[in-house]
$ cat target-v1.cif   # mmCIF, C-alpha atoms
data_final
#
loop_
_atom_site.label_atom_id
_atom_site.label_comp_id
_atom_site.auth_asym_id
_atom_site.auth_seq_id
_atom_site.Cartn_x
_atom_site.Cartn_y
_atom_site.Cartn_z
CA MET A 245 43.48 53.30 2.73
CA GLN A 246 40.94 56.07 2.96
CA MET A 247 38.55 53.65 4.57
CA ILE A 248 40.97 52.60 7.29
CA GLN A 249 41.64 56.24 7.95
CA ILE A 250 37.96 57.08 8.31
CA LEU A 251 37.39 54.00 10.49
CA TRP A 252 40.16 55.16 12.81
CA GLU A 253 39.20 58.83 12.86
CA ARG A 254 35.55 58.11 13.62
CA ARG A 255 36.17 55.02 15.74
CA VAL A 256 33.81 56.10 18.51
CA PHE A 257 31.00 56.60 15.99
CA PHE A 258 31.66 53.26 14.28
CA MET A 259 31.96 51.48 17.61
CA THR A 260 28.58 52.86 18.71
CA CYS A 261 27.04 51.83 15.36
CA LEU A 262 28.60 48.36 15.55
CA LEU A 263 27.37 47.72 19.08
CA GLU A 264 23.91 49.01 18.17
CA HIS A 265 23.91 46.77 15.09
CA ILE A 266 24.84 43.76 17.20
CA ARG A 267 22.15 44.62 19.75
CA ILE A 268 19.39 44.96 17.14
CA SER A 269 20.49 41.84 15.23
CA LEU A 270 20.86 39.77 18.36
CA THR A 271 17.39 40.72 19.57
CA ALA A 272 15.92 39.81 16.19
CA VAL A 273 17.93 36.56 16.08
CA VAL A 274 16.64 35.53 19.50
CA CYS A 275 13.03 36.44 18.61
CA ALA A 276 13.11 34.77 15.17
CA GLY A 277 15.04 31.78 16.54
CA VAL A 278 12.65 31.04 19.39
CA LEU A 279 9.53 31.81 17.37
CA GLY A 280 10.79 30.00 14.26
CA ILE A 281 11.83 26.81 16.04
CA LEU A 282 8.55 26.66 17.99
CA LEU A 283 6.58 27.26 14.80
CA GLY A 284 8.64 24.66 12.92
CA VAL A 285 8.11 22.08 15.67
CA PHE A 286 4.41 22.88 15.76
CA ILE A 287 3.79 22.52 12.02
CA SER A 288 5.86 19.34 11.85
CA GLY A 289 3.16 17.81 14.05
CA HIS A 290 0.31 19.34 12.03
CA LYS A 291 1.09 18.55 8.41
CA LYS A 292 -2.07 20.18 7.09
CA LEU A 293 -1.14 23.50 8.64
CA ALA A 294 2.44 23.25 7.43
CA GLY A 295 1.66 24.18 3.82
CA VAL A 296 -0.36 27.23 4.87
CA VAL A 297 2.20 28.49 7.39
CA LEU A 298 5.17 27.99 5.05
CA GLY A 299 3.17 29.62 2.24
CA VAL A 300 2.40 32.71 4.30
CA ILE A 301 6.01 33.03 5.45
CA ASN A 302 7.17 32.65 1.86
CA VAL A 303 4.87 35.44 0.72
CA ILE A 304 6.08 37.75 3.50
CA TYR A 305 9.60 36.94 2.40
CA THR A 306 8.90 38.24 -1.08
CA ILE A 307 7.86 41.68 0.18
CA PRO A 308 10.80 44.02 -0.39
CA SER A 309 12.36 44.80 2.96
CA ILE A 310 12.15 48.54 2.51
CA SER A 311 8.39 48.39 1.96
CA LEU A 312 7.87 46.02 4.88
CA LEU A 313 9.58 48.62 7.05
CA GLY A 314 7.24 51.22 5.55
CA PHE A 315 4.15 49.12 6.24
CA LEU A 316 5.15 48.75 9.87
CA ILE A 317 5.68 52.46 10.59
CA PRO A 318 1.97 53.30 11.12
CA PHE A 319 1.71 50.53 13.70
CA THR A 320 4.98 50.62 15.55
CA GLY A 321 6.45 53.97 14.61
CA ILE A 322 10.04 54.53 13.59
CA GLY A 323 13.13 53.35 15.37
CA ASN A 324 14.67 50.16 16.67
CA LYS A 325 11.41 48.46 17.62
CA THR A 326 10.10 48.47 14.06
CA ALA A 327 13.48 47.35 12.74
CA ILE A 328 13.58 44.40 15.14
CA ILE A 329 10.05 43.33 14.17
CA ALA A 330 10.84 43.49 10.44
CA LEU A 331 14.11 41.58 10.86
CA THR A 332 12.37 38.95 12.98
CA VAL A 333 9.67 38.43 10.36
CA TYR A 334 12.28 38.06 7.61
CA GLY A 335 14.40 35.75 9.68
CA LEU A 336 11.52 33.32 10.18
CA LEU A 337 11.66 31.73 6.73
CA PRO A 338 14.99 29.88 6.88
CA ILE A 339 14.59 28.76 10.46
CA VAL A 340 10.96 27.59 10.17
CA ARG A 341 11.63 25.84 6.89
CA ASN A 342 14.76 24.07 8.11
CA THR A 343 13.23 23.09 11.45
CA TYR A 344 10.24 21.65 9.60
CA THR A 345 12.36 19.87 6.96
CA GLY A 346 14.77 18.52 9.56
CA LEU A 347 12.03 17.17 11.79
CA THR A 348 9.98 15.60 9.01
CA ASN A 349 12.97 13.94 7.30
CA VAL A 350 13.97 11.79 10.27
CA ASP A 351 14.04 8.11 9.24
CA ALA A 352 10.51 6.77 9.81
CA GLY A 353 11.90 3.37 10.79
CA ILE A 354 13.86 4.91 13.65
CA LEU A 355 10.79 6.79 14.86
CA GLU A 356 8.73 3.61 14.76
CA VAL A 357 11.31 1.72 16.80
CA ALA A 358 11.41 4.59 19.32
CA GLU A 359 7.63 4.34 19.64
CA GLY A 360 7.70 0.55 19.76
CA LEU A 361 10.23 0.64 22.58
CA GLY A 362 7.81 2.69 24.66
CA SER A 363 8.77 6.35 24.19
CA ASP A 364 5.95 8.84 24.64
CA GLY A 365 5.41 11.73 22.23
CA ARG A 366 7.55 14.16 24.21
CA GLN A 367 10.43 11.69 24.50
CA ILE A 368 10.37 11.03 20.76
CA LEU A 369 10.39 14.75 19.97
CA LEU A 370 13.05 15.84 22.47
CA GLY A 371 15.15 12.67 22.56
CA ILE A 372 15.07 11.54 18.94
CA ARG A 373 13.57 13.94 16.42
CA ILE A 374 15.09 17.23 17.53
CA PRO A 375 18.61 15.85 18.04
CA LEU A 376 18.49 14.13 14.64
CA ALA A 377 17.16 17.30 12.99
CA LEU A 378 19.68 19.53 14.76
CA PRO A 379 22.26 19.75 11.93
CA VAL A 380 19.55 20.95 9.53
CA ILE A 381 18.08 23.32 12.12
CA ILE A 382 21.48 24.83 12.84
CA SER A 383 22.22 25.41 9.17
CA GLY A 384 18.87 27.25 8.92
CA PHE A 385 19.89 29.24 11.97
CA ARG A 386 23.16 30.21 10.27
CA ASN A 387 21.29 31.42 7.20
CA MET A 388 18.96 33.41 9.41
CA VAL A 389 21.75 35.09 11.37
CA VAL A 390 23.67 36.17 8.26
CA MET A 391 20.48 37.46 6.67
CA ILE A 392 19.41 39.43 9.72
CA ILE A 393 22.83 41.05 10.10
CA ALA A 394 22.96 41.99 6.42
CA MET A 395 19.42 43.29 6.32
CA GLY A 396 20.00 45.21 9.53
CA GLY A 397 21.79 47.75 7.33
CA ILE A 398 18.48 48.94 5.91
CA ALA A 399 16.97 49.52 9.34
CA SER A 400 18.47 52.98 9.67
CA PHE A 401 16.25 54.18 6.81
CA ILE A 402 13.42 54.18 9.33
CA GLY A 403 15.47 55.79 12.04
CA ALA A 404 16.94 52.75 13.70
CA GLY A 405 20.56 52.67 14.75
CA GLY A 406 23.30 50.32 13.66
CA LEU A 407 25.89 50.33 10.90
CA GLY A 408 23.17 51.29 8.43
CA ALA A 409 23.42 54.75 9.97
CA ALA A 410 26.97 55.07 8.61
CA ILE A 411 25.87 53.86 5.18
CA TYR A 412 22.89 56.20 5.15
CA ARG A 413 24.95 59.18 6.28
CA GLY A 414 27.56 58.38 3.62
CA ILE A 415 24.87 58.31 0.91
CA THR A 416 23.22 61.59 1.96
CA THR A 417 26.54 63.45 2.23
CA TYR A 418 28.14 61.96 -0.91
CA ASN A 419 30.77 60.34 1.29
CA MET A 420 31.46 57.06 -0.50
CA THR A 421 34.19 56.07 1.96
CA LEU A 422 31.79 56.31 4.88
CA THR A 423 29.26 54.11 3.05
CA ALA A 424 31.92 51.59 2.12
CA ALA A 425 33.27 51.46 5.69
CA GLY A 426 29.78 50.76 7.07
CA SER A 427 29.17 48.06 4.46
CA VAL A 428 32.49 46.35 5.10
CA LEU A 429 31.84 46.30 8.84
CA ILE A 430 28.42 44.67 8.26
CA ALA A 431 30.00 42.08 5.99
CA LEU A 432 32.73 41.34 8.53
CA LEU A 433 30.17 41.01 11.33
CA ALA A 434 28.11 38.60 9.22
CA LEU A 435 31.15 36.55 8.24
CA PHE A 436 32.40 36.39 11.82
CA SER A 437 28.99 35.25 13.12
CA ASP A 438 28.78 32.62 10.41
CA TRP A 439 32.25 31.35 11.27
CA LEU A 440 31.32 31.18 14.94
CA LEU A 441 28.14 29.22 14.20
CA ALA A 442 30.01 26.90 11.85
CA ARG A 443 32.16 25.93 14.81
CA VAL A 444 29.06 25.35 16.95
CA GLN A 445 27.64 23.21 14.15
CA LYS A 446 30.80 21.14 14.01
CA ALA A 447 30.79 20.63 17.77
CA VAL A 448 27.15 19.53 17.69
CA ASN A 449 27.79 17.10 14.84
CA ARG A 450 30.69 15.62 16.74
CA ARG A 451 28.58 15.30 19.90
CA TYR A 452 25.90 13.44 17.97
CA GLY A 453 28.31 11.22 16.09
CA ILE A 454 27.51 12.58 12.66
CA GLU A 455 30.47 14.23 10.89
CA MET B 233 -2.41 -17.71 33.30
CA ASN B 234 0.46 -18.91 31.18
CA LYS B 235 -0.37 -17.25 27.92
CA ALA B 236 2.04 -14.45 27.09
CA ILE B 237 0.13 -13.24 24.07
CA GLU B 238 -3.40 -13.89 22.94
CA ILE B 239 -4.79 -12.70 19.64
CA ARG B 240 -8.53 -13.08 19.30
CA ASN B 241 -9.99 -13.00 15.80
CA VAL B 242 -8.05 -9.95 14.75
CA SER B 243 -8.41 -8.26 11.38
CA ALA B 244 -6.43 -5.30 10.11
CA SER B 245 -6.37 -3.21 6.98
CA TYR B 246 -4.46 -0.35 5.41
CA GLY B 247 -7.15 1.72 3.72
CA ASP B 248 -9.23 -0.67 1.65
CA HIS B 249 -6.59 -3.35 1.60
CA GLU B 250 -7.18 -6.06 4.18
CA VAL B 251 -3.85 -7.34 5.48
CA LEU B 252 -4.97 -9.63 8.28
CA ARG B 253 -8.14 -11.71 8.31
CA GLN B 254 -9.54 -13.24 11.47
CA ILE B 255 -6.26 -14.21 13.02
CA ALA B 256 -6.50 -16.25 16.22
CA LEU B 257 -3.30 -17.13 18.01
CA ALA B 258 -2.00 -17.80 21.48
CA VAL B 259 1.64 -17.75 22.49
CA GLU B 260 2.67 -19.61 25.63
CA LYS B 261 5.18 -18.17 28.05
CA GLY B 262 8.71 -19.18 27.15
CA GLU B 263 7.73 -20.17 23.64
CA PHE B 264 9.90 -19.35 20.61
CA LEU B 265 7.35 -18.70 17.89
CA VAL B 266 8.60 -18.08 14.38
CA ILE B 267 6.29 -16.53 11.82
CA ILE B 268 7.20 -17.13 8.20
CA GLY B 269 5.60 -16.20 4.93
CA PRO B 270 6.15 -14.37 1.64
CA SER B 271 6.39 -10.58 1.67
CA GLY B 272 3.01 -8.91 1.92
CA CYS B 273 1.48 -11.83 3.83
CA GLY B 274 0.86 -9.64 6.88
CA LYS B 275 3.52 -11.03 9.22
CA THR B 276 5.00 -7.65 10.14
CA THR B 277 1.52 -6.23 10.70
CA LEU B 278 0.73 -9.15 12.99
CA LEU B 279 3.91 -8.47 14.99
CA LYS B 280 3.12 -4.76 15.28
CA MET B 281 -0.31 -5.68 16.63
CA ILE B 282 1.36 -7.17 19.67
CA ASN B 283 2.99 -3.90 20.76
CA GLY B 284 0.16 -1.73 19.51
CA LEU B 285 2.00 -0.06 16.64
CA VAL B 286 -0.92 -1.22 14.47
CA GLN B 287 -4.45 -1.22 15.83
CA PRO B 288 -6.89 -3.96 14.80
CA VAL B 289 -10.11 -2.98 13.05
CA GLU B 290 -11.78 -5.86 14.80
CA GLY B 291 -10.83 -8.41 17.42
CA GLU B 292 -8.72 -8.07 20.51
CA VAL B 293 -5.07 -8.44 21.44
CA LEU B 294 -4.07 -9.41 24.97
CA VAL B 295 -0.54 -9.25 26.32
CA GLU B 296 -0.05 -11.02 29.65
CA GLY B 297 -3.77 -10.92 30.17
CA GLU B 298 -4.06 -7.18 29.55
CA ARG B 299 -6.24 -5.93 26.72
CA LEU B 300 -4.25 -3.59 24.50
CA SER B 301 -7.30 -1.49 23.71
CA ALA B 302 -7.74 -0.73 27.40
CA CYS B 303 -4.20 -0.34 28.71
CA ASP B 304 -1.46 2.26 28.67
CA LEU B 305 0.40 1.31 25.49
CA THR B 306 3.51 3.30 26.34
CA SER B 307 4.18 1.52 29.61
CA LEU B 308 3.24 -1.85 28.11
CA ARG B 309 5.75 -1.35 25.27
CA ARG B 310 8.52 -0.77 27.80
CA ARG B 311 7.91 -4.33 28.98
CA ILE B 312 8.09 -5.75 25.45
CA GLY B 313 11.43 -5.88 23.66
CA TYR B 314 11.43 -4.84 19.99
CA ALA B 315 14.20 -5.51 17.49
CA VAL B 316 13.96 -4.93 13.75
CA GLN B 317 15.86 -5.52 10.53
CA GLY B 318 18.90 -3.27 10.22
CA ALA B 319 18.70 -2.70 14.00
CA LYS B 320 17.62 0.95 13.51
CA LEU B 321 19.87 2.12 16.32
CA PHE B 322 19.58 5.78 17.29
CA PRO B 323 22.48 7.23 15.30
CA HIS B 324 23.05 10.20 17.63
CA LEU B 325 23.45 8.04 20.73
CA THR B 326 26.44 5.95 21.72
CA VAL B 327 26.11 2.18 22.06
CA GLU B 328 25.77 2.64 25.82
CA ASP B 329 23.01 5.24 25.43
CA ASN B 330 21.21 3.05 22.89
CA ILE B 331 21.29 0.12 25.30
CA CYS B 332 20.12 2.23 28.24
CA TYR B 333 17.37 3.89 26.20
CA VAL B 334 14.36 1.93 27.44
CA PRO B 335 15.27 1.80 31.16
CA GLY B 336 16.09 5.52 30.86
CA LEU B 337 12.55 6.31 29.70
CA ASP B 338 11.12 5.63 33.15
CA LYS B 339 13.80 7.15 35.33
CA LYS B 340 17.11 8.88 35.03
CA LEU B 341 19.91 6.37 35.40
CA SER B 342 23.15 7.26 37.17
CA LYS B 343 26.41 7.08 35.26
CA GLU B 344 27.36 4.01 37.25
CA ASP B 345 24.05 2.27 36.51
CA ARG B 346 24.40 2.99 32.80
CA ARG B 347 27.92 1.62 32.74
CA LYS B 348 26.89 -1.53 34.61
CA LEU B 349 23.80 -2.14 32.51
CA SER B 350 25.51 -1.62 29.16
CA GLY B 351 28.41 -3.81 30.32
CA LYS B 352 26.01 -6.57 31.28
CA MET B 353 24.05 -6.34 28.04
CA LEU B 354 27.14 -6.20 25.84
CA GLU B 355 28.35 -9.35 27.52
CA LEU B 356 24.97 -10.99 26.92
CA VAL B 357 25.19 -10.34 23.17
CA GLU B 358 28.90 -11.22 23.16
CA LEU B 359 30.32 -7.84 22.28
CA PRO B 360 33.47 -6.36 23.83
CA ALA B 361 32.86 -3.77 26.54
CA GLU B 362 34.97 -1.14 24.78
CA LEU B 363 32.25 -0.67 22.15
CA ALA B 364 30.13 1.16 24.76
CA LYS B 365 31.38 4.63 23.80
CA ARG B 366 31.19 4.12 20.03
CA PHE B 367 28.49 5.50 17.78
CA PRO B 368 26.38 3.16 15.62
CA ARG B 369 28.06 4.30 12.38
CA GLN B 370 31.35 2.94 13.74
CA LEU B 371 29.95 -0.60 14.05
CA SER B 372 29.73 -3.47 11.57
CA GLY B 373 26.34 -4.80 10.51
CA GLY B 374 26.54 -7.75 12.86
CA GLN B 375 27.62 -5.56 15.78
CA LYS B 376 24.71 -3.19 15.14
CA GLN B 377 22.29 -6.08 15.14
CA ARG B 378 23.70 -7.34 18.44
CA VAL B 379 23.39 -3.88 19.98
CA GLY B 380 19.81 -3.79 18.66
CA ILE B 381 19.07 -6.98 20.56
CA ALA B 382 20.84 -5.64 23.66
CA ARG B 383 18.69 -2.50 23.46
CA ALA B 384 15.53 -4.61 23.15
CA MET B 385 16.51 -6.73 26.17
CA ALA B 386 17.92 -4.04 28.47
CA ALA B 387 14.74 -3.49 30.45
CA SER B 388 14.48 -7.28 31.03
CA PRO B 389 11.24 -7.70 29.10
CA ASP B 390 9.21 -10.91 29.33
CA ILE B 391 8.41 -10.80 25.63
CA LEU B 392 10.73 -10.07 22.72
CA LEU B 393 9.38 -9.18 19.28
CA MET B 394 11.82 -9.52 16.41
CA ASP B 395 11.09 -8.48 12.84
CA GLU B 396 13.64 -10.13 10.53
CA PRO B 397 16.41 -9.03 12.87
CA PHE B 398 19.09 -10.95 10.97
CA GLY B 399 17.89 -10.02 7.51
CA ALA B 400 20.67 -7.57 6.78
CA VAL B 401 23.75 -9.46 7.94
CA ASP B 402 25.98 -11.92 6.15
CA GLU B 403 25.48 -15.68 6.36
CA ILE B 404 28.30 -16.42 8.84
CA THR B 405 27.27 -13.66 11.23
CA ARG B 406 23.66 -14.74 10.94
CA ARG B 407 24.48 -18.30 12.00
CA ALA B 408 26.40 -16.98 15.01
CA LEU B 409 23.55 -14.62 15.95
CA GLN B 410 20.99 -17.41 15.67
CA GLY B 411 23.02 -19.61 17.99
CA GLU B 412 23.42 -16.79 20.49
CA LEU B 413 19.73 -15.98 20.41
CA LEU B 414 18.81 -19.59 21.18
CA ALA B 415 21.27 -19.68 24.08
CA LEU B 416 19.98 -16.35 25.33
CA GLN B 417 16.41 -17.58 25.27
CA LYS B 418 17.34 -20.73 27.13
CA LYS B 419 19.10 -18.62 29.75
CA THR B 420 16.36 -16.04 30.26
CA GLY B 421 13.20 -18.03 29.46
CA ILE B 422 11.91 -15.04 27.53
CA THR B 423 8.97 -15.43 25.13
CA ILE B 424 10.05 -14.65 21.57
CA VAL B 425 7.98 -13.92 18.48
CA PHE B 426 10.34 -13.90 15.52
CA ILE B 427 9.64 -13.04 11.90
CA THR B 428 11.66 -14.37 9.01
CA HIS B 429 11.29 -15.30 5.37
CA ASP B 430 14.01 -17.92 5.62
CA ILE B 431 12.66 -21.42 6.31
CA GLU B 432 16.04 -22.69 7.44
CA GLU B 433 16.14 -19.97 10.09
CA ALA B 434 12.57 -20.78 11.11
CA PHE B 435 13.35 -24.47 11.62
CA LYS B 436 16.54 -23.74 13.49
CA LEU B 437 15.00 -21.28 15.94
CA GLY B 438 11.31 -21.95 16.35
CA SER B 439 9.78 -24.19 18.98
CA ARG B 440 6.67 -23.60 16.91
CA ILE B 441 6.36 -22.30 13.37
CA LEU B 442 3.49 -20.38 11.91
CA ILE B 443 3.15 -20.09 8.16
CA MET B 444 1.20 -17.12 6.87
CA LYS B 445 -0.25 -16.45 3.46
CA ASP B 446 -2.53 -13.64 2.26
CA GLY B 447 -3.35 -12.38 5.74
CA VAL B 448 -4.32 -15.72 7.27
CA ILE B 449 -2.50 -18.43 9.23
CA TRP B 450 -1.96 -21.08 6.61
CA GLN B 451 -0.48 -23.78 8.79
CA GLU B 452 1.19 -24.00 12.18
CA GLY B 453 3.09 -26.63 14.06
CA LYS B 454 6.47 -27.95 15.04
CA LYS B 455 9.15 -28.57 12.46
CA GLU B 456 8.38 -32.29 12.26
CA GLU B 457 4.66 -31.72 11.85
CA LEU B 458 5.21 -29.35 8.96
CA LEU B 459 7.70 -31.69 7.33
CA HIS B 460 5.49 -34.76 7.63
CA ALA B 461 2.12 -33.23 6.89
CA PRO B 462 2.41 -30.08 4.80
CA ARG B 463 -1.05 -28.66 4.17
CA ASP B 464 -0.64 -28.14 0.44
CA GLY B 465 1.69 -27.28 -2.41
CA PHE B 466 2.40 -23.82 -1.00
CA VAL B 467 3.77 -25.22 2.25
CA LYS B 468 5.67 -27.95 0.40
CA GLN B 469 7.27 -25.36 -1.84
CA LEU B 470 8.14 -23.17 1.16
CA ILE B 471 9.77 -26.05 2.95
CA GLY B 472 11.44 -26.94 -0.30
CA GLY B 473 14.52 -29.07 0.00
CA MET B 474 14.45 -29.39 3.76
#
$ encode --input "target-v1.cif" --output "structure tokens"
Amino acid sequence: MQMIQILWERRVFFMTCLLEHIRISLTAVVCAGVLGILLGVFISGHKKLAGVVLGVINVIYTIPSISLLGFLIPFTGIGNKTAIIALTVYGLLPIVRNTYTGLTNVDAGILEVAEGLGSDGRQILLGIRIPLALPVIISGFRNMVVMIIAMGGIASFIGAGGLGAAIYRGITTYNMTLTAAGSVLIALLALFSDWLLARVQKAVNRRYGIE
Amino acid sequence: MNKAIEIRNVSASYGDHEVLRQIALAVEKGEFLVIIGPSGCGKTTLLKMINGLVQPVEGEVLVEGERLSACDLTSLRRRIGYAVQGAKLFPHLTVEDNICYVPGLDKKLSKEDRRKLSGKMLELVELPAELAKRFPRQLSGGQKQRVGIARAMAASPDILLMDEPFGAVDEITRRALQGELLALQKKTGITIVFITHDIEEAFKLGSRILIMKDGVIWQEGKKEELLHAPRDGFVKQLIGGM
């Protein structure tokens, strides 16, 4: 009850935070998505590199997010830029891993027939491997989006905007309701995005006759 | 120049294991050559030599007079049909898109062209036209295999390579498919190299039969020649009760 009240009373503040949160997350999602899919495609063609790249990304993933933000401050300062970089780096793991797994798990017999029928490397990748890996890639993308939105809450600790600002302000002023309201909004945003992507995933599966 | 395929003293190996030893073979245009042998005898490797999926360690393969080692494999493969066991259709493409796959590699086909081509090919393999919009998972094993043949033939190749294409379908469907393939070859005059491990199938289809064992050609000839003068106990046993 208290929370609804505070959400209504400070609706302009929450709206600004929400839009800022979406903007930061979306930027990171686009960066991590593009970079992650390209990297995943690249290492699927260079198996020897794959272990190294996935290893490095795994290690980065184990660094606590708050300290990663700290490490970045000397290089990129405080604010949204640093937050976007940190979120992008974190977001890489699920999308690179799923892109790689999806592409390498395509039935070898199908790939051989595609080659035997006269497809060149580009046609096999774009026409066969990526479409067949798409369900796995999209589920990695869903993971990534939810993670980036959730982790975006921490970004305000280094001066970035977003719903984390409400949480942070709530903590520093002993206003539990404010913190809870910010958290709930982040959770709702994450759930909504996941729901939206689930629908995209379903549509893609239908298009490619999977289901 | 009436040799479709010429294999000159070809050897192949996977690592240290030699799978083909000094194979020499010529296939005439319009011939229906069946290769038969126990698993591991190198028959699939020999077939994959013809479309360059496996490269020889020594020797030379020529397709329609062109040396494989010196030609553009991708464009050559588009002129050679390829059908395999279990069909291996592209599961994300409809029957129509599977059939139009090879012609579509060279140029973008219009909707009308795709419809016409898939209609023509479905008729050729005796499937109803309404299957065109289905996905492979919605087809029976025999239907898949027929679509696989339609896909291999869609670009009107002069040579068709088939690797146990009827291995995964039931007996009744297999008989029907064999009959259709023979009729189709008569109609188109296409050169076929067909792999099987079923001697009955080999005798029914092949205008010439090639028996392989341990990476070499053990005996070759027409059905009657093999029946009347089997080289040894191995061939006799293979022919069995025929």
$ closest_residue --input "target-v1.cif" --among "A:Leu432, A:Leu370, A:Leu313, A:Ala399" --to "chain B" --atoms "all atoms listed in the file"
A:Leu370
$ interface_residues --input "target-v1.cif" --of "chain A" --to "chain B" --cutoff "8 Å" --atoms "all atoms listed in the file" --output "PDB file with C-alpha atoms, in the coordinates of the input"
ATOM      1  CA  GLY A 353      11.900   3.370  10.790  1.00  0.00           C
ATOM      2  CA  ILE A 354      13.860   4.910  13.650  1.00  0.00           C
ATOM      3  CA  GLU A 356       8.730   3.610  14.760  1.00  0.00           C
ATOM      4  CA  VAL A 357      11.310   1.720  16.800  1.00  0.00           C
ATOM      5  CA  GLU A 359       7.630   4.340  19.640  1.00  0.00           C
ATOM      6  CA  GLY A 360       7.700   0.550  19.760  1.00  0.00           C
ATOM      7  CA  LEU A 361      10.230   0.640  22.580  1.00  0.00           C
ATOM      8  CA  GLY A 362       7.810   2.690  24.660  1.00  0.00           C
ATOM      9  CA  SER A 363       8.770   6.350  24.190  1.00  0.00           C
ATOM     10  CA  ASP A 364       5.950   8.840  24.640  1.00  0.00           C
ATOM     11  CA  GLN A 367      10.430  11.690  24.500  1.00  0.00           C
ATOM     12  CA  ILE A 372      15.070  11.540  18.940  1.00  0.00           C
ATOM     13  CA  PRO A 375      18.610  15.850  18.040  1.00  0.00           C
ATOM     14  CA  LEU A 376      18.490  14.130  14.640  1.00  0.00           C
ATOM     15  CA  ARG A 451      28.580  15.300  19.900  1.00  0.00           C
ATOM     16  CA  TYR A 452      25.900  13.440  17.970  1.00  0.00           C
ATOM     17  CA  GLY A 453      28.310  11.220  16.090  1.00  0.00           C
ATOM     18  CA  ILE A 454      27.510  12.580  12.660  1.00  0.00           C
TER      19      ILE A 454
END
$ resolve_selection --input "target-v1.cif" --expression "the PyMOL selection byres ((chain B and resi 240) around 10)" --output "PyMOL selection string"
chain B and resi 237-239+241-243+254-258+290-294
$ closest_residue --input "target-v1.cif" --among "A:Glu253, A:Thr332, A:Ile393, A:Pro308" --to "A:Val278" --atoms "all atoms listed in the file"
A:Thr332
$ resolve_selection --input "target-v1.cif" --expression "the PyMOL selection byres ((chain A and resi 327) around 9)" --output "PDB file with C-alpha atoms, in the frame of the given file"
ATOM      1  CA  ILE A 268      19.390  44.960  17.140  1.00  0.00           C
ATOM      2  CA  ALA A 272      15.920  39.810  16.190  1.00  0.00           C
ATOM      3  CA  LEU A 313       9.580  48.620   7.050  1.00  0.00           C
ATOM      4  CA  LEU A 316       5.150  48.750   9.870  1.00  0.00           C
ATOM      5  CA  ILE A 322      10.040  54.530  13.590  1.00  0.00           C
ATOM      6  CA  GLY A 323      13.130  53.350  15.370  1.00  0.00           C
ATOM      7  CA  ASN A 324      14.670  50.160  16.670  1.00  0.00           C
ATOM      8  CA  LYS A 325      11.410  48.460  17.620  1.00  0.00           C
ATOM      9  CA  THR A 326      10.100  48.470  14.060  1.00  0.00           C
ATOM     10  CA  ILE A 328      13.580  44.400  15.140  1.00  0.00           C
ATOM     11  CA  ILE A 329      10.050  43.330  14.170  1.00  0.00           C
ATOM     12  CA  ALA A 330      10.840  43.490  10.440  1.00  0.00           C
ATOM     13  CA  LEU A 331      14.110  41.580  10.860  1.00  0.00           C
ATOM     14  CA  THR A 332      12.370  38.950  12.980  1.00  0.00           C
ATOM     15  CA  GLY A 396      20.000  45.210   9.530  1.00  0.00           C
ATOM     16  CA  ILE A 398      18.480  48.940   5.910  1.00  0.00           C
ATOM     17  CA  ALA A 399      16.970  49.520   9.340  1.00  0.00           C
ATOM     18  CA  SER A 400      18.470  52.980   9.670  1.00  0.00           C
ATOM     19  CA  ILE A 402      13.420  54.180   9.330  1.00  0.00           C
ATOM     20  CA  GLY A 403      15.470  55.790  12.040  1.00  0.00           C
ATOM     21  CA  ALA A 404      16.940  52.750  13.700  1.00  0.00           C
TER      22      ALA A 404
END
$ atom_distance --input "target-v1.cif" --atom1 "atom CA of B:Leu416" --atom2 "atom CA of B:Leu356"
7.5 Å
$ resolve_selection --input "target-v1.cif" --expression "the PyMOL selection byres ((chain A and resi 409) around 10)" --output "number ranges by chain"
A: 257-258, 261-262, 265, 397-401, 403-408, 410-415, 422-423, 426
